[in-house]
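Asker: The following file, model-v5.pdb, comprises PDB, C-alpha atoms, pLDDT in the B column:
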ATOM      1  CA  MET A 850      43.681 -28.702 -48.159  1.00 80.00           C
ATOM      2  CA  ARG A 851      45.762 -26.199 -46.239  1.00 82.00           C
ATOM      3  CA  ASP A 852      42.774 -23.921 -45.690  1.00 89.00           C
ATOM      4  CA  GLY A 853      40.631 -26.819 -44.493  1.00 86.00           C
ATOM      5  CA  LEU A 854      43.282 -27.940 -42.010  1.00 87.00           C
ATOM      6  CA  LEU A 855      43.807 -24.425 -40.724  1.00 91.00           C
ATOM      7  CA  TRP A 856      40.085 -23.806 -40.245  1.00 93.00           C
ATOM      8  CA  GLY A 857      39.715 -27.153 -38.476  1.00 89.00           C
ATOM      9  CA  GLY A 858      42.452 -26.203 -36.017  1.00 92.00           C
ATOM     10  CA  VAL A 859      41.131 -22.684 -35.461  1.00 94.00           C
ATOM     11  CA  LEU A 860      37.618 -23.972 -34.753  1.00 93.00           C
ATOM     12  CA  THR A 861      38.948 -26.644 -32.395  1.00 92.00           C
ATOM     13  CA  PHE A 862      40.922 -24.114 -30.375  1.00 95.00           C
ATOM     14  CA  ALA A 863      37.870 -21.829 -30.331  1.00 95.00           C
ATOM     15  CA  PHE A 864      35.691 -24.657 -29.049  1.00 92.00           C
ATOM     16  CA  LEU A 865      38.160 -25.529 -26.282  1.00 95.00           C
ATOM     17  CA  ALA A 866      38.437 -21.871 -25.267  1.00 96.00           C
ATOM     18  CA  GLY A 867      34.643 -21.653 -25.192  1.00 95.00           C
ATOM     19  CA  GLN A 868      34.462 -24.763 -23.045  1.00 94.00           C
ATOM     20  CA  LEU A 869      36.900 -23.291 -20.539  1.00 95.00           C
ATOM     21  CA  PHE A 870      34.885 -20.052 -20.561  1.00 96.00           C
ATOM     22  CA  VAL A 871      31.679 -21.964 -19.759  1.00 94.00           C
ATOM     23  CA  TRP A 872      33.404 -23.877 -16.950  1.00 95.00           C
ATOM     24  CA  ARG A 873      34.534 -20.558 -15.516  1.00 96.00           C
ATOM     25  CA  GLN A 874      31.011 -19.158 -15.687  1.00 96.00           C
ATOM     26  CA  LEU A 875      29.572 -22.257 -14.009  1.00 94.00           C
ATOM     27  CA  ALA A 876      32.141 -22.064 -11.223  1.00 95.00           C
ATOM     28  CA  ASP A 877      31.355 -18.383 -10.704  1.00 96.00           C
ATOM     29  CA  LEU A 878      27.678 -19.324 -10.331  1.00 95.00           C
ATOM     30  CA  GLY A 879      28.553 -21.970  -7.733  1.00 94.00           C
ATOM     31  CA  TYR A 880      28.124 -25.065  -9.905  1.00 94.00           C
ATOM     32  CA  TYR A 881      31.172 -27.053  -8.825  1.00 94.00           C
ATOM     33  CA  ALA A 882      31.920 -30.650  -9.750  1.00 92.00           C
ATOM     34  CA  ASP A 883      31.751 -31.734  -6.116  1.00 92.00           C
ATOM     35  CA  SER A 884      28.372 -30.051  -5.505  1.00 90.00           C
ATOM     36  CA  ASN A 885      26.272 -32.955  -6.784  1.00 92.00           C
ATOM     37  CA  SER A 886      26.451 -35.936  -9.112  1.00 92.00           C
ATOM     38  CA  ALA A 887      24.824 -34.105 -12.058  1.00 90.00           C
ATOM     39  CA  ASN A 888      27.502 -31.422 -11.973  1.00 92.00           C
ATOM     40  CA  ALA A 889      30.233 -34.043 -11.634  1.00 93.00           C
ATOM     41  CA  PHE A 890      28.827 -35.934 -14.632  1.00 89.00           C
ATOM     42  CA  PHE A 891      28.706 -32.763 -16.722  1.00 89.00           C
ATOM     43  CA  TYR A 892      32.296 -31.837 -15.885  1.00 94.00           C
ATOM     44  CA  LEU A 893      33.478 -35.407 -16.526  1.00 92.00           C
ATOM     45  CA  LEU A 894      31.721 -35.649 -19.872  1.00 87.00           C
ATOM     46  CA  THR A 895      32.936 -32.271 -21.093  1.00 90.00           C
ATOM     47  CA  ALA A 896      36.473 -32.953 -19.823  1.00 94.00           C
ATOM     48  CA  LEU A 897      36.563 -36.232 -21.773  1.00 90.00           C
ATOM     49  CA  HIS A 898      35.358 -34.370 -24.836  1.00 87.00           C
ATOM     50  CA  GLY A 899      38.120 -31.795 -24.363  1.00 92.00           C
ATOM     51  CA  LEU A 900      40.739 -34.530 -24.018  1.00 93.00           C
ATOM     52  CA  HIS A 901      39.530 -36.190 -27.208  1.00 88.00           C
ATOM     53  CA  MET A 902      39.741 -32.868 -28.998  1.00 90.00           C
ATOM     54  CA  LEU A 903      43.293 -32.384 -27.718  1.00 92.00           C
ATOM     55  CA  GLY A 904      44.105 -35.820 -29.128  1.00 89.00           C
ATOM     56  CA  GLY A 905      42.655 -34.676 -32.434  1.00 88.00           C
ATOM     57  CA  LEU A 906      44.871 -31.616 -32.291  1.00 92.00           C
ATOM     58  CA  VAL A 907      47.903 -33.913 -32.061  1.00 91.00           C
ATOM     59  CA  ALA A 908      46.859 -35.597 -35.320  1.00 86.00           C
ATOM     60  CA  TRP A 909      46.051 -32.178 -36.775  1.00 90.00           C
ATOM     61  CA  TRP A 910      49.478 -30.816 -35.794  1.00 92.00           C
ATOM     62  CA  ARG A 911      51.241 -33.744 -37.435  1.00 87.00           C
ATOM     63  CA  SER A 912      49.372 -33.064 -40.673  1.00 88.00           C
ATOM     64  CA  ILE A 913      50.078 -29.330 -40.506  1.00 90.00           C
ATOM     65  CA  SER A 914      53.778 -30.028 -39.840  1.00 89.00           C
ATOM     66  CA  ARG A 915      54.052 -32.307 -42.846  1.00 86.00           C
ATOM     67  CA  LEU A 916      52.284 -29.739 -44.992  1.00 86.00           C
ATOM     68  CA  ARG A 917      54.631 -26.947 -43.889  1.00 88.00           C
ATOM     69  CA  ARG A 918      57.742 -29.070 -44.425  1.00 88.00           C
ATOM     70  CA  GLY A 919      56.612 -29.851 -47.933  1.00 84.00           C
ATOM     71  CA  GLY A 920      56.686 -33.610 -47.501  1.00 75.00           C
ATOM     72  CA  SER A 921      55.834 -35.985 -50.279  1.00 80.00           C
ATOM     73  CA  VAL A 922      52.250 -36.181 -51.486  1.00 80.00           C
ATOM     74  CA  ALA A 923      51.977 -39.782 -50.255  1.00 82.00           C
ATOM     75  CA  ASP A 924      53.083 -38.860 -46.716  1.00 79.00           C
ATOM     76  CA  LEU A 925      50.817 -35.847 -46.647  1.00 85.00           C
ATOM     77  CA  ARG A 926      47.876 -37.817 -47.962  1.00 87.00           C
ATOM     78  CA  LEU A 927      48.311 -40.561 -45.359  1.00 87.00           C
ATOM     79  CA  SER A 928      48.647 -38.014 -42.574  1.00 84.00           C
ATOM     80  CA  VAL A 929      45.504 -36.148 -43.619  1.00 86.00           C
ATOM     81  CA  GLU A 930      43.575 -39.406 -44.050  1.00 89.00           C
ATOM     82  CA  LEU A 931      44.541 -40.566 -40.556  1.00 87.00           C
ATOM     83  CA  CYS A 932      43.609 -37.170 -39.132  1.00 85.00           C
ATOM     84  CA  THR A 933      40.271 -37.345 -40.937  1.00 87.00           C
ATOM     85  CA  VAL A 934      39.547 -40.844 -39.664  1.00 90.00           C
ATOM     86  CA  TYR A 935      40.259 -39.735 -36.099  1.00 87.00           C
ATOM     87  CA  TRP A 936      37.969 -36.689 -36.310  1.00 86.00           C
ATOM     88  CA  HIS A 937      35.130 -38.607 -37.982  1.00 90.00           C
ATOM     89  CA  TYR A 938      35.404 -41.399 -35.409  1.00 89.00           C
ATOM     90  CA  LEU A 939      35.269 -38.777 -32.657  1.00 86.00           C
ATOM     91  CA  LEU A 940      32.203 -37.193 -34.250  1.00 87.00           C
ATOM     92  CA  LEU A 941      30.441 -40.555 -34.488  1.00 93.00           C
ATOM     93  CA  ILE A 942      31.147 -41.427 -30.843  1.00 88.00           C
ATOM     94  CA  TRP A 943      29.861 -38.081 -29.574  1.00 84.00           C
ATOM     95  CA  LEU A 944      26.750 -38.227 -31.768  1.00 92.00           C
ATOM     96  CA  ILE A 945      25.980 -41.662 -30.327  1.00 93.00           C
ATOM     97  CA  LEU A 946      26.531 -40.411 -26.780  1.00 85.00           C
ATOM     98  CA  PHE A 947      24.391 -37.357 -27.464  1.00 85.00           C
ATOM     99  CA  GLY A 948      21.606 -39.589 -28.797  1.00 91.00           C
ATOM    100  CA  LEU A 949      21.813 -41.821 -25.734  1.00 90.00           C
ATOM    101  CA  LEU A 950      21.610 -38.817 -23.434  1.00 82.00           C
ATOM    102  CA  LEU A 951      18.572 -37.503 -25.285  1.00 90.00           C
ATOM    103  CA  MET A 952      16.798 -40.850 -24.898  1.00 91.00           C
ATOM    104  CA  SER A 953      17.295 -40.993 -21.136  1.00 79.00           C
TER     105      SER A 953
END
Just dump the structure as structure tokens.
Answerer:
Amino acid sequence: MRDGLLWGGVLTFAFLAGQLFVWRQLADLGYYADSNSANAFFYLLTALHGLHMLGGLVAWWRSISRLRRGGSVADLRLSVELCTVYWHYLLLIWLILFGLLLMS
């Protein structure tokens, strides 16, 4: 469980760093949010995704903290289950949004 939690956190931080890197590249190319509505929509959508991932990192951090403190199995299990529910809910929402964007 520890390895799974650690890899989840590492990959989340890597994704957020990659997102910031892409934003930087787009800005360097002149694609600013205030340039047109398509750019604004892209920045808004990816910013919301980043905020949701930061929220997931809060749940992740709580689980990691309980694991490091050596809390009871029941507390740890509940924490990991809640973290898992949050991440799976987030995945479902973004898959639905992705599907809707592909249909339009």
Asker: Can you measure CA of Val934 (chain A) to CA of Leu893 (chain A) for me? One decimal in Å is fine.
Answerer: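 Going from CA of Val934 (chain A) over to CA of Leu893 (chain A) covers 24.5 Å.
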Asker: Could you pull the residues within 12 Å of Thr895 (chain A), counting all atoms listed in the file, minus those fewer than 6 positions along the same chain, as a count of residues only?
Answerer: 15
Asker: With the PyMOL selection byres ((chain A and resi 913) around 12) as the selection, what would be picked from this file? Answer as a count of residues only, please.
Answerer: 29
Asker: Might I get the box with edges along x, y and z of the file that holds all atoms of region 891-904 of chain A listed there, padded by 3 Å on every side, given as centre and edge lengths in Å to one decimal, as AutoDock Vina command-line options?
Answerer:
--center_x 36.4 --center_y -34.0 --center_z -22.5 --size_x 21.4 --size_y 10.4 --size_z 19.2
Asker: Do a neighbour search on Phe890 (chain A) at 12 Å with all atoms listed in the file, toss out local chain neighbours closer than 6 positions, and write the hits as a PyMOL selection string.
Answerer: chain A and resi 880-884+896-897+950
Asker: CA of Ala876 (chain A) and CA of His898 (chain A) are how many Å apart?
Answerer: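 Atom-to-atom, CA of Ala876 (chain A) to CA of His898 (chain A), that is 18.6 Å.
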Asker: Please compute the CA of Tyr938 (chain A)-CA of Gly904 (chain A) distance, one decimal, in Å.
Answerer: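 Here the two named atoms are 12.1 Å from each other.
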Asker: Identify which of the residues A:Ile945, A:Leu860, A:Leu951, A:Gly905 lies closest to Thr933 (chain A), counting all atoms listed in the file when measuring atom-to-atom distances.
Answerer: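 Distance minimum relative to Thr933 (chain A) lands on A:Gly905.
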